[in-house]
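Engineer: Next comes data14.txt, compact mmCIF, C-alpha atoms and all ligand atoms:
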```txt
# COMPACT_ATOMS: atom_id res chain seq x y z
CA MET B 69 0.00 0.00 0.00
CA ARG B 70 1.44 3.38 -0.90
CA THR B 71 1.47 6.17 1.67
CA SER B 72 -0.49 9.36 1.45
CA ASP B 73 0.98 12.82 0.95
CA ARG B 74 -0.61 15.12 3.51
CA SER B 75 -0.03 18.16 1.31
CA PHE B 76 -3.29 17.21 -0.41
CA THR B 77 -5.14 17.65 2.91
CA VAL B 78 -3.28 20.91 3.61
CA GLY B 79 -4.60 22.15 0.25
CA LEU B 80 -8.16 21.55 1.44
CA LEU B 81 -7.88 23.86 4.47
CA PRO B 82 -8.59 27.14 2.63
CA GLN B 83 -11.58 25.51 0.93
CA PHE B 84 -13.17 24.75 4.32
CA ASP B 85 -12.52 28.31 5.46
CA ALA B 86 -14.03 29.72 2.26
CA SER B 87 -17.21 27.67 2.74
CA PRO B 88 -19.10 28.65 5.91
CA THR B 89 -22.50 27.96 4.27
CA PRO B 90 -23.85 25.66 1.51
CA TYR B 91 -24.00 28.64 -0.88
CA HIS B 92 -20.35 29.39 -0.28
CA ALA B 93 -19.51 25.68 -0.61
CA ALA B 94 -21.18 25.52 -4.03
CA ALA B 95 -19.33 28.71 -5.03
CA THR B 96 -15.99 27.33 -3.77
CA VAL B 97 -16.37 24.08 -5.70
CA ALA B 98 -17.62 25.91 -8.80
CA SER B 99 -14.58 28.17 -8.83
CA THR B 100 -12.24 25.18 -8.33
CA LEU B 101 -13.85 23.48 -11.31
CA ILE B 102 -13.94 26.60 -13.49
CA ASN B 103 -10.23 27.18 -12.77
CA ALA B 104 -9.67 23.62 -14.03
CA GLY B 105 -11.45 24.40 -17.31
CA PHE B 106 -15.08 23.53 -16.52
CA GLN B 107 -17.73 25.77 -18.05
CA GLU B 108 -20.68 26.94 -15.92
CA ILE B 109 -24.08 26.70 -17.59
CA PRO B 110 -27.08 28.51 -16.07
CA GLU B 111 -29.82 26.00 -15.26
CA SER B 112 -32.09 27.98 -17.58
CA GLY B 113 -29.59 27.63 -20.44
CA ALA B 114 -29.50 24.94 -23.14
CA PHE B 115 -27.22 21.90 -22.83
CA SER B 116 -25.15 21.27 -25.94
CA ALA B 117 -24.12 18.04 -27.65
CA VAL B 118 -20.53 19.26 -27.81
CA ALA B 119 -18.18 17.32 -25.51
CA GLY B 120 -16.70 19.18 -22.55
CA SER B 121 -16.72 19.71 -18.79
CA PHE B 122 -19.68 21.53 -17.27
CA VAL B 123 -21.09 22.87 -13.98
CA VAL B 124 -24.69 23.70 -13.08
CA ARG B 125 -25.57 25.34 -9.75
CA ARG B 126 -28.86 25.72 -7.92
CA GLY B 127 -28.59 27.61 -4.62
CA GLY B 128 -26.33 25.57 -2.37
CA SER B 129 -26.26 22.59 -4.76
CA LEU B 130 -24.04 21.80 -7.72
CA VAL B 131 -23.76 19.20 -10.48
CA ALA B 132 -20.66 18.86 -12.67
CA TRP B 133 -19.62 16.34 -15.32
CA SER B 134 -17.37 15.67 -18.30
CA THR B 135 -18.37 14.19 -21.64
CA SER B 136 -16.12 13.01 -24.48
CA ALA B 137 -16.53 12.62 -28.23
CA GLU B 138 -17.56 8.97 -27.53
CA THR B 139 -20.41 9.86 -25.15
CA THR B 140 -23.85 8.91 -26.45
CA SER B 141 -27.37 9.13 -25.02
CA THR B 142 -27.06 5.56 -23.69
CA THR B 143 -23.66 6.01 -22.03
CA GLY B 144 -23.82 5.23 -18.31
CA PHE B 145 -22.84 7.60 -15.51
CA ARG B 146 -20.35 7.24 -12.65
CA ILE B 147 -21.73 9.67 -10.08
CA VAL B 148 -20.28 10.80 -6.74
CA GLY B 149 -22.99 12.37 -4.57
CA ALA B 150 -22.36 14.36 -1.38
CA HIS B 151 -23.96 17.17 0.61
CA THR B 152 -22.99 20.81 1.13
CA ASP B 153 -24.99 21.56 4.31
CA SER B 154 -24.04 21.02 7.95
CA PRO B 155 -25.99 21.46 11.20
CA ASN B 156 -25.78 25.02 12.53
CA LEU B 157 -27.68 28.02 13.96
CA ARG B 158 -29.75 30.03 11.47
CA VAL B 159 -31.07 33.57 11.89
CA LYS B 160 -34.82 33.93 12.35
CA PRO B 161 -36.89 36.29 10.14
CA GLN B 162 -37.34 38.86 12.95
CA PRO B 163 -34.18 38.19 14.92
CA ASP B 164 -33.71 41.35 17.00
CA THR B 165 -34.20 40.40 20.63
CA ALA B 166 -32.84 41.30 24.06
CA ALA B 167 -32.81 40.18 27.70
CA ALA B 168 -31.32 41.64 30.88
CA GLY B 169 -29.55 44.37 28.95
CA TRP B 170 -27.95 42.02 26.40
CA ARG B 171 -28.52 42.44 22.66
CA GLN B 172 -29.25 39.04 21.16
CA LEU B 173 -30.02 37.44 17.82
CA GLY B 174 -32.88 34.95 17.45
CA VAL B 175 -31.76 31.71 15.79
CA GLU B 176 -33.27 28.37 14.80
CA VAL B 177 -31.30 25.14 15.09
CA TYR B 178 -30.72 23.62 11.62
CA GLY B 179 -30.36 19.84 11.50
CA GLY B 180 -29.06 17.51 14.20
CA ALA B 181 -26.49 19.87 15.74
CA LEU B 182 -24.54 18.86 18.86
CA LEU B 183 -25.80 21.95 20.69
CA ASN B 184 -23.06 21.91 23.35
CA SER B 185 -20.44 22.33 20.63
CA TRP B 186 -21.78 25.80 19.81
CA LEU B 187 -21.24 27.09 23.35
CA ASP B 188 -18.38 29.49 24.13
CA ARG B 189 -17.19 29.59 20.54
CA ASP B 190 -16.24 32.63 18.48
CA LEU B 191 -19.00 32.75 15.88
CA GLY B 192 -19.20 34.68 12.63
CA LEU B 193 -22.19 35.11 10.34
CA ALA B 194 -22.49 34.18 6.68
CA GLY B 195 -25.09 33.34 4.06
CA ARG B 196 -26.94 35.00 1.24
CA VAL B 197 -28.95 38.19 1.15
CA VAL B 198 -31.59 38.95 -1.45
CA VAL B 199 -31.64 42.68 -2.22
CA ARG B 200 -33.82 44.96 -4.28
CA ALA B 201 -32.57 45.56 -7.82
CA GLY B 202 -35.07 47.94 -9.39
CA ALA B 203 -38.35 46.07 -9.61
CA SER B 204 -36.71 42.67 -9.14
CA ALA B 205 -34.24 41.04 -6.78
CA ARG B 206 -30.68 39.79 -6.80
CA THR B 207 -28.80 37.46 -4.47
CA LEU B 208 -25.50 38.39 -2.79
CA LEU B 209 -23.24 36.15 -0.70
CA PHE B 210 -21.71 37.52 2.48
CA ALA B 211 -19.33 36.16 5.12
CA ASP B 212 -18.42 38.15 8.22
CA ARG B 213 -15.44 36.35 9.77
CA ARG B 214 -15.23 38.57 12.86
CA PRO B 215 -16.21 36.81 16.15
CA ILE B 216 -19.44 38.80 16.50
CA LEU B 217 -21.67 36.18 18.18
CA ARG B 218 -21.34 34.00 21.27
CA VAL B 219 -23.57 31.51 23.07
CA PRO B 220 -22.13 31.63 26.62
CA GLN B 221 -22.49 28.55 28.79
CA LEU B 222 -24.03 28.90 32.25
CA ALA B 223 -21.36 29.00 34.98
CA ILE B 224 -20.98 25.72 36.90
CA HIS B 225 -21.77 27.62 40.14
CA LEU B 226 -25.30 28.15 38.82
CA ASP B 227 -25.68 24.57 37.57
CA ARG B 228 -23.85 22.37 40.10
CA GLU B 229 -25.11 18.98 38.85
CA VAL B 230 -24.27 19.57 35.19
CA SER B 231 -21.45 17.01 35.01
CA GLU B 232 -23.45 14.29 36.79
CA ARG B 233 -26.80 14.91 35.12
CA GLY B 234 -25.53 15.91 31.70
CA LEU B 235 -25.89 19.25 29.97
CA LEU B 236 -29.53 19.87 29.03
CA LEU B 237 -29.97 22.56 26.40
CA ASN B 238 -33.31 23.93 25.24
CA ARG B 239 -33.12 24.95 21.58
CA GLN B 240 -35.42 27.95 22.05
CA THR B 241 -34.17 29.40 25.33
CA HIS B 242 -30.52 28.36 25.79
CA MET B 243 -29.06 28.78 22.32
CA VAL B 244 -29.73 32.50 21.72
CA PRO B 245 -26.41 34.21 20.90
CA VAL B 246 -25.42 37.56 22.41
CA TRP B 247 -23.78 40.16 20.19
CA GLY B 248 -23.83 43.34 22.22
CA VAL B 249 -25.02 45.15 25.30
CA GLY B 250 -27.25 48.13 25.95
CA ASP B 251 -29.96 49.69 23.82
CA SER B 252 -29.40 50.13 20.16
CA SER B 253 -31.58 51.54 17.45
CA SER B 254 -29.63 49.55 14.86
CA THR B 255 -31.22 46.28 13.77
CA PHE B 256 -30.09 43.03 12.16
CA VAL B 257 -31.30 44.40 8.82
CA ASP B 258 -29.02 47.43 9.29
CA TYR B 259 -26.13 45.06 10.01
CA LEU B 260 -26.88 42.96 6.93
CA ALA B 261 -27.31 46.03 4.67
CA ASP B 262 -23.88 47.18 5.83
CA ALA B 263 -22.38 43.73 5.22
CA VAL B 264 -23.46 43.69 1.56
CA ASP B 265 -23.23 47.48 1.06
CA VAL B 266 -26.86 48.32 0.21
CA ALA B 267 -29.46 50.57 1.85
CA ALA B 268 -31.40 48.90 4.69
CA GLY B 269 -34.64 49.41 2.76
CA ASP B 270 -33.24 47.28 -0.07
CA VAL B 271 -32.72 44.13 2.05
CA LEU B 272 -35.64 41.85 1.10
CA SER B 273 -34.73 38.54 2.80
CA TRP B 274 -31.84 36.31 3.83
CA ASP B 275 -30.54 32.85 4.60
CA ALA B 276 -28.01 33.72 7.31
CA MET B 277 -26.24 31.33 9.66
CA ALA B 278 -23.56 31.25 12.35
CA PHE B 279 -20.23 29.48 11.92
CA ASP B 280 -17.10 28.91 14.03
CA VAL B 281 -14.49 31.42 12.82
CA ALA B 282 -11.54 29.19 13.88
CA PRO B 283 -9.74 28.20 10.68
CA ALA B 284 -9.38 24.59 9.58
CA CYS B 285 -6.03 23.08 10.59
CA ILE B 286 -3.82 20.01 10.69
CA ALA B 287 -3.53 18.84 14.31
CA GLY B 288 -2.09 16.11 16.55
CA LEU B 289 1.47 15.38 17.71
CA ASP B 290 2.44 13.90 14.34
CA ASP B 291 -0.02 15.92 12.22
CA ASP B 292 -2.36 12.92 12.07
CA PHE B 293 -5.62 14.92 12.19
CA LEU B 294 -7.64 17.28 10.06
CA VAL B 295 -9.77 19.59 12.25
CA SER B 296 -12.47 21.93 10.95
CA GLY B 297 -16.12 22.81 11.06
CA ARG B 298 -18.31 21.11 8.43
CA ILE B 299 -16.01 18.14 7.70
CA ASP B 300 -19.38 16.34 7.36
CA ASN B 301 -19.70 16.76 4.48
CA LEU B 302 -17.57 19.39 2.83
CA LEU B 303 -14.64 16.96 2.96
CA SER B 304 -16.49 14.68 0.53
CA CYS B 305 -17.48 17.66 -1.66
CA PHE B 306 -13.93 18.98 -2.07
CA VAL B 307 -12.45 15.51 -2.54
CA ALA B 308 -15.13 14.64 -5.12
CA ALA B 309 -14.44 17.83 -7.10
CA ASP B 310 -10.72 17.06 -7.17
CA ALA B 311 -11.44 13.48 -8.24
CA LEU B 312 -13.67 14.72 -11.07
CA ILE B 313 -10.95 17.05 -12.33
CA ALA B 314 -8.38 14.24 -12.11
CA ALA B 315 -10.73 11.84 -13.93
CA GLY B 316 -11.03 14.00 -17.05
CA ALA B 317 -13.26 12.33 -19.64
CA SER B 318 -11.06 9.27 -20.05
CA GLY B 319 -13.41 6.53 -18.79
CA PRO B 320 -16.12 4.60 -20.65
CA ASN B 321 -18.87 6.34 -18.62
CA VAL B 322 -19.73 9.97 -17.90
CA PRO B 323 -17.99 11.01 -14.63
CA MET B 324 -20.22 13.31 -12.57
CA ILE B 325 -20.44 14.83 -9.09
CA CYS B 326 -23.70 15.94 -7.50
CA LEU B 327 -23.45 18.02 -4.32
CA PHE B 328 -26.80 18.58 -2.63
CA ASP B 329 -28.07 21.01 -0.02
CA HIS B 330 -30.52 20.05 2.76
CA GLU B 331 -29.27 16.52 3.55
CA GLU B 332 -29.22 17.31 7.26
CA VAL B 333 -32.96 18.05 7.24
CA GLY B 334 -34.14 15.16 5.09
CA SER B 335 -33.24 16.29 1.55
CA VAL B 336 -36.80 17.17 0.49
CA SER B 337 -36.33 20.55 -1.24
CA ALA B 338 -35.89 22.03 -4.70
CA SER B 339 -32.12 21.62 -4.37
CA GLY B 340 -32.03 18.52 -2.13
CA ALA B 341 -31.27 14.93 -3.08
CA ALA B 342 -35.00 14.11 -3.07
CA GLY B 343 -35.56 16.95 -5.57
CA PRO B 344 -35.21 16.74 -9.35
CA LEU B 345 -31.69 18.18 -9.81
CA LEU B 346 -29.73 14.98 -10.51
CA GLU B 347 -32.47 13.29 -12.51
CA SER B 348 -33.17 16.33 -14.68
CA THR B 349 -29.48 16.97 -15.31
CA VAL B 350 -28.87 13.37 -16.39
CA ALA B 351 -31.97 13.51 -18.62
CA ARG B 352 -30.89 16.80 -20.16
CA ILE B 353 -27.39 15.50 -20.96
CA GLY B 354 -28.95 12.51 -22.76
CA GLY B 355 -31.53 14.75 -24.39
CA ALA B 356 -28.85 17.04 -25.82
CA LEU B 357 -27.33 13.92 -27.41
CA GLY B 358 -30.66 13.02 -29.02
CA GLY B 359 -31.84 10.49 -26.42
CA GLY B 360 -35.34 10.02 -25.01
CA VAL B 361 -36.95 8.06 -22.20
CA GLY B 362 -35.71 4.69 -23.49
CA GLU B 363 -32.12 5.85 -23.83
CA LEU B 364 -32.27 7.41 -20.36
CA ALA B 365 -33.35 4.09 -18.84
CA ARG B 366 -30.54 2.30 -20.67
CA ALA B 367 -28.00 4.85 -19.39
CA ALA B 368 -29.36 4.55 -15.83
CA SER B 369 -29.17 0.76 -15.91
CA SER B 370 -25.41 0.85 -16.40
CA SER B 371 -24.81 3.72 -13.96
CA VAL B 372 -23.47 3.58 -10.41
CA VAL B 373 -23.61 6.21 -7.64
CA VAL B 374 -21.08 6.56 -4.84
CA SER B 375 -22.86 8.34 -2.00
CA ALA B 376 -19.95 10.01 -0.19
CA ASP B 377 -20.55 11.14 3.38
CA GLY B 378 -18.73 11.14 6.71
CA ALA B 379 -18.23 7.75 8.39
CA HIS B 380 -17.87 7.12 12.13
CA ALA B 381 -14.35 6.30 13.21
CA THR B 382 -14.21 4.26 16.42
CA HIS B 383 -14.12 6.65 19.39
CA PRO B 384 -11.42 5.59 21.89
CA ASN B 385 -13.52 6.73 24.89
CA TYR B 386 -16.71 5.03 23.70
CA VAL B 387 -15.52 1.83 22.05
CA ASP B 388 -18.66 0.05 23.27
CA ARG B 389 -20.81 2.26 21.01
CA HIS B 390 -19.21 0.62 18.00
CA GLU B 391 -19.57 -2.85 16.49
CA LYS B 392 -16.55 -4.75 17.85
CA ASP B 393 -15.76 -6.61 14.63
CA HIS B 394 -16.04 -3.50 12.45
CA LEU B 395 -13.77 -1.01 14.21
CA ILE B 396 -12.83 1.95 12.02
CA ALA B 397 -9.51 3.81 12.18
CA VAL B 398 -8.73 7.35 11.03
CA ASN B 399 -5.94 7.18 8.46
CA GLY B 400 -7.06 3.64 7.69
CA GLY B 401 -8.62 4.46 4.30
CA PRO B 402 -12.14 5.08 3.01
CA VAL B 403 -15.06 3.34 4.73
CA LEU B 404 -17.72 1.22 3.04
CA LYS B 405 -21.02 1.59 4.94
CA THR B 406 -23.59 -1.19 5.01
CA ASN B 407 -26.98 -1.44 6.72
CA ALA B 408 -29.31 -4.38 6.15
CA ASN B 409 -32.33 -2.11 6.67
CA GLN B 410 -31.20 0.17 3.82
CA ARG B 411 -30.32 3.19 5.92
CA TYR B 412 -27.31 2.89 3.64
CA ALA B 413 -27.91 1.89 0.02
CA THR B 414 -24.86 -0.36 -0.29
CA ASP B 415 -25.53 -3.84 -1.67
CA ALA B 416 -23.16 -6.63 -2.67
CA GLU B 417 -22.88 -5.47 -6.29
CA SER B 418 -22.33 -1.78 -5.55
CA ALA B 419 -19.90 -2.69 -2.75
CA ALA B 420 -17.91 -4.81 -5.19
CA GLU B 421 -17.73 -1.90 -7.61
CA PHE B 422 -16.22 0.38 -4.97
CA ARG B 423 -13.86 -2.34 -3.73
CA LEU B 424 -12.55 -2.73 -7.29
CA ALA B 425 -12.07 1.06 -7.54
CA CYS B 426 -10.01 0.97 -4.31
CA GLU B 427 -7.94 -1.88 -5.76
CA ASP B 428 -7.38 0.13 -8.95
CA ALA B 429 -6.14 3.04 -6.80
CA ASP B 430 -4.14 0.83 -4.38
CA VAL B 431 -6.08 2.32 -1.48
CA PRO B 432 -7.06 0.44 1.73
CA LEU B 433 -10.77 -0.01 2.42
CA GLN B 434 -12.56 -0.37 5.79
CA GLU B 435 -16.04 -1.77 6.43
CA PHE B 436 -18.58 -0.19 8.78
CA VAL B 437 -21.83 -1.41 10.24
CA SER B 438 -23.63 0.08 13.23
CA ARG B 439 -24.25 -2.01 16.32
CA THR B 440 -27.52 -3.66 15.47
CA ASP B 441 -29.07 -2.36 18.71
CA LEU B 442 -28.26 1.27 17.80
CA ALA B 443 -30.25 3.29 15.26
CA CYS B 444 -28.17 3.84 12.13
CA GLY B 445 -27.78 7.28 10.53
CA SER B 446 -28.63 7.73 6.90
CA THR B 447 -27.55 9.85 3.96
CA ILE B 448 -28.42 10.66 0.36
CA GLY B 449 -27.62 7.15 -0.88
CA PRO B 450 -30.96 5.42 -0.30
CA LEU B 451 -32.83 8.48 -1.60
CA THR B 452 -30.85 8.53 -4.81
CA ALA B 453 -31.28 4.79 -5.27
CA GLY B 454 -35.00 5.09 -4.68
CA ARG B 455 -35.46 8.05 -6.96
CA MET B 456 -33.22 7.12 -9.88
CA GLY B 457 -33.28 3.34 -9.64
CA ILE B 458 -29.48 3.44 -9.93
CA SER B 459 -27.16 1.15 -7.98
CA VAL B 460 -25.69 3.08 -5.01
CA VAL B 461 -22.81 2.43 -2.61
CA ASP B 462 -22.44 4.46 0.61
CA VAL B 463 -18.85 5.33 1.53
CA GLY B 464 -16.92 8.09 3.33
CA CYS B 465 -13.86 9.24 5.22
CA PRO B 466 -13.73 8.20 8.90
CA GLN B 467 -14.21 11.02 11.41
CA LEU B 468 -15.06 11.78 15.02
CA ALA B 469 -17.41 14.39 16.53
CA MET B 470 -19.86 14.25 13.63
CA HIS B 471 -22.31 17.21 13.80
CA SER B 472 -20.13 19.13 16.25
CA ALA B 473 -19.36 22.74 15.31
CA ARG B 474 -15.77 21.49 15.05
CA GLU B 475 -15.13 17.96 13.79
CA MET B 476 -12.01 15.90 13.23
CA ALA B 477 -10.83 13.40 10.64
CA GLY B 478 -7.51 11.86 9.60
CA SER B 479 -4.98 13.75 7.49
CA ASP B 480 -4.11 10.72 5.31
CA ASP B 481 -7.64 9.69 4.38
CA PRO B 482 -8.63 12.60 2.08
CA GLU B 483 -6.00 11.82 -0.55
CA TRP B 484 -6.80 8.09 -0.46
CA PHE B 485 -10.47 8.91 -0.81
CA ARG B 486 -9.75 11.22 -3.74
CA ASP B 487 -7.78 8.48 -5.49
CA ALA B 488 -10.50 5.89 -4.86
CA LEU B 489 -13.17 8.24 -6.21
CA ARG B 490 -11.09 9.08 -9.26
CA ALA B 491 -10.64 5.37 -9.96
CA PHE B 492 -14.39 4.87 -9.56
CA LEU B 493 -15.25 7.75 -11.91
CA VAL B 494 -13.13 6.33 -14.75
CA ARG B 495 -14.33 2.71 -14.41
CO CO V 1 -23.34 14.02 6.39
```
What would the structure in this file look like if it were written as structure tokens?

Structural biologist:
Amino acid sequence: MRTSDRSFTVGLLPQFDASPTPYHAAATVASTLINAGFQEIPESGAFSAVAGSFVVRRGGSLVAWSTSAETTSTTGFRIVGAHTDSPNLRVKPQPDTAAAGWRQLGVEVYGGALLNSWLDRDLGLAGRVVVRAGASARTLLFADRRPILRVPQLAIHLDREVSERGLLLNRQTHMVPVWGVGDSSSTFVDYLADAVDVAAGDVLSWDAMAFDVAPACIAGLDDDFLVSGRIDNLLSCFVAADALIAAGASGPNVPMICLFDHEEVGSVSASGAAGPLLESTVARIGGALGGGVGELARAASSSVVVSADGAHATHPNYVDRHEKDHLIAVNGGPVLKTNANQRYATDAESAAEFRLACEDADVPLQEFVSRTDLACGSTIGPLTAGRMGISVVDVGCPQLAMHSAREMAGSDDPEWFRDALRAFLVR
């Protein structure tokens, strides 16, 4: 087995920092791809029959692919799917609030956040703002990386049993960030108008969310770890984009990546994995090559999806929460995830396909199952399989602290995962 070069993981750090929200993540990946020669097509634009490498974006989601002169309307697809969203705190529509002389910002909890991980952290704000542009509207991205928000934990003197009883956090009452003191006539809308440089009266709406401003880093005594917010699942997104670039259009199938928003809340949205984005893009590629419903079904029948999402490494302090014959190591290679009840979409045939890709890339492969007495998480894999009828395999890089504001993974695994995905895309 060859060793990994951690410089690949070091190269991912600025991509995490540039991507505090799904919209920024889609923009980061799009610019990586465009710099590598991909051409962005507006979703409202026509797809052409001319071979090339293309990107389509919808909000915080993105699809990209490469076709060659040999691609026809019945050519199969090799698709890597992942998600751009992560659990966090999102600003309410009328967020200005106050208590006991503190200025606070009303937030909703998005997805299955580990609430404790948001306490006592330096939080910035980022997202998109829709502003008036004459009689219509336009969308602007913003990211304020100053530590402007905090959710302070209650002092232990006022909560003496916290370590014995466990920390109980109410989403409505205990997670409201402070961002100032005293009275102020300035509102959140004033802040946002300033952030995107428009008049307050021109701010129409927003999707704004908090993020930990601490930059991503390599950590551990021997640099064994990657530490960042949003490793689940930006790590898969960035690795998939790099694999797609490395794959070119050299394989017998169409290599594609599909990065979806809204996985953490069930994927049912216009840009989520249960929405039409992947299906319509695949149909439009075939359609541009003269294919119809029959050709689309033929292409789907020879297609395979890798659903790439974070996998649980075995936690040294909670080994009993893991299945003892399927222990997972960071820096042990990508993880194949199986669940008999189809919380993961992996089956014997799709598993074999990914195992062969790992062999092609000379990359080690680990196998995960949950303890059968613990509920298993899920991801976009089963949804994609159900919607498209395509064979799906669920895989990912091992990590700890999934859904914490700051997660950790191994610093060797990203490059191995990239190589395995590249090998898969060209099969
Ligand atoms: Co995930």

Engineer: How close does chain B get to ligand CO 1 (chain V)? List, as a Markdown table, each residue of chain B within 12 Å, its nearest atom pair and the distance in Å to one decimal, counting all atoms listed in the file.

Structural biologist:
```
| residue | atom | partner | partner_atom | distance |
| --- | --- | --- | --- | --- |
| B:Gly149 | CA | V:CO1 | CO | 11.1 |
| B:Ala150 | CA | V:CO1 | CO | 7.8 |
| B:His151 | CA | V:CO1 | CO | 6.6 |
| B:Thr152 | CA | V:CO1 | CO | 8.6 |
| B:Asp153 | CA | V:CO1 | CO | 8.0 |
| B:Ser154 | CA | V:CO1 | CO | 7.2 |
| B:Pro155 | CA | V:CO1 | CO | 9.2 |
| B:Gly179 | CA | V:CO1 | CO | 10.5 |
| B:Gly180 | CA | V:CO1 | CO | 10.3 |
| B:Ala181 | CA | V:CO1 | CO | 11.5 |
| B:Arg298 | CA | V:CO1 | CO | 8.9 |
| B:Ile299 | CA | V:CO1 | CO | 8.5 |
| B:Asp300 | CA | V:CO1 | CO | 4.7 |
| B:Asn301 | CA | V:CO1 | CO | 4.9 |
| B:Leu302 | CA | V:CO1 | CO | 8.6 |
| B:Leu303 | CA | V:CO1 | CO | 9.8 |
| B:Ser304 | CA | V:CO1 | CO | 9.0 |
| B:Cys305 | CA | V:CO1 | CO | 10.6 |
| B:Leu327 | CA | V:CO1 | CO | 11.4 |
| B:Phe328 | CA | V:CO1 | CO | 10.7 |
| B:Asp329 | CA | V:CO1 | CO | 10.6 |
| B:His330 | CA | V:CO1 | CO | 10.1 |
| B:Glu331 | CA | V:CO1 | CO | 7.0 |
| B:Glu332 | CA | V:CO1 | CO | 6.8 |
| B:Val333 | CA | V:CO1 | CO | 10.5 |
| B:Gly334 | CA | V:CO1 | CO | 10.9 |
| B:Ser335 | CA | V:CO1 | CO | 11.3 |
| B:Ser375 | CA | V:CO1 | CO | 10.1 |
| B:Ala376 | CA | V:CO1 | CO | 8.4 |
| B:Asp377 | CA | V:CO1 | CO | 5.0 |
| B:Gly378 | CA | V:CO1 | CO | 5.4 |
| B:Ala379 | CA | V:CO1 | CO | 8.3 |
| B:His380 | CA | V:CO1 | CO | 10.5 |
| B:Gly445 | CA | V:CO1 | CO | 9.1 |
| B:Ser446 | CA | V:CO1 | CO | 8.2 |
| B:Thr447 | CA | V:CO1 | CO | 6.4 |
| B:Ile448 | CA | V:CO1 | CO | 8.6 |
| B:Gly449 | CA | V:CO1 | CO | 10.9 |
| B:Asp462 | CA | V:CO1 | CO | 11.2 |
| B:Val463 | CA | V:CO1 | CO | 10.9 |
| B:Gly464 | CA | V:CO1 | CO | 9.3 |
| B:Cys465 | CA | V:CO1 | CO | 10.7 |
| B:Pro466 | CA | V:CO1 | CO | 11.5 |
| B:Gln467 | CA | V:CO1 | CO | 10.8 |
| B:Ala469 | CA | V:CO1 | CO | 11.8 |
| B:Met470 | CA | V:CO1 | CO | 8.0 |
| B:His471 | CA | V:CO1 | CO | 8.1 |
| B:Ser472 | CA | V:CO1 | CO | 11.6 |
| B:Glu475 | CA | V:CO1 | CO | 11.7 |
```

Engineer: Which residues, written as a list in words, have at least one atom at most 6 Å from range 216-231 of chain B, with all atoms listed in the file counted and residues fewer than 5 positions away on the same chain left out?

Structural biologist: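 These residues fall inside the cut-off: Leu187, Asp188, Asp190, Leu191, Gly192, Pro245, Val246 and Trp247 of chain B.
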
Engineer: Just the residues within 10 Å of Glu176 in chain B, please, counting all atoms listed in the file, with nothing from its chain fewer than 5 positions along; format it as a list of chain:residue names.

Structural biologist: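 Surrounding residues, per the criterion: B:Asn156, B:Leu157, B:Arg158, B:Val159, B:Lys160, B:Pro161, B:Pro163, B:Arg239, B:Gln240, B:Met243, B:Val244, B:Met277.
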
Engineer: Go through B:Ile286, B:Val460, B:Val266, B:Ala119 one by one, measure the shortest atom-to-atom distance of each to Thr140 in chain B using only C-alpha atoms, and give the residue with the smallest value.

Structural biologist: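 Answer, going by the shortest atom-to-atom distance: B:Ala119.
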
Engineer: By how many Å are CA of Ser129 in chain B and CA of Ser339 in chain B apart?

Structural biologist: 6.0 Å

Engineer: Go ahead and compute the interatomic distance for CA of Arg146 in chain B and CA of Thr71 in chain B, in Å to one decimal.

Structural biologist: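 Here the two named atoms are 26.1 Å from each other.
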
Engineer: Pick the closest to Tyr91 in chain B from B:Thr207, B:Ser116, B:Ser121, B:Thr77: which is it, counting only C-alpha atoms?

Structural biologist: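 Comparing B:Thr207, B:Ser116, B:Ser121, B:Thr77 against Tyr91 in chain B, the winner is B:Thr207.
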
Engineer: Figure out the distance between CA of Ala309 in chain B and CA of Glu363 in chain B, please, to one decimal in Å.

Structural biologist: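 Rounded to one decimal, the two atoms are 27.1 Å apart.
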
Engineer: Let me make sure I understand: among B:Gly234, B:Phe485, B:Thr143, B:Val118, which one has the smallest atom-to-atom distance to Ala368 in chain B if we use all atoms listed in the file?

Structural biologist: B:Thr143

Engineer: Give the answer as one residue: which of B:Ala453, B:Val281, B:Ala365, B:Val461 has the shortest atom-to-atom distance to Asn407 in chain B, using all atoms listed in the file?

Structural biologist: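 Result for the nearest residue to Asn407 in chain B: B:Val461.
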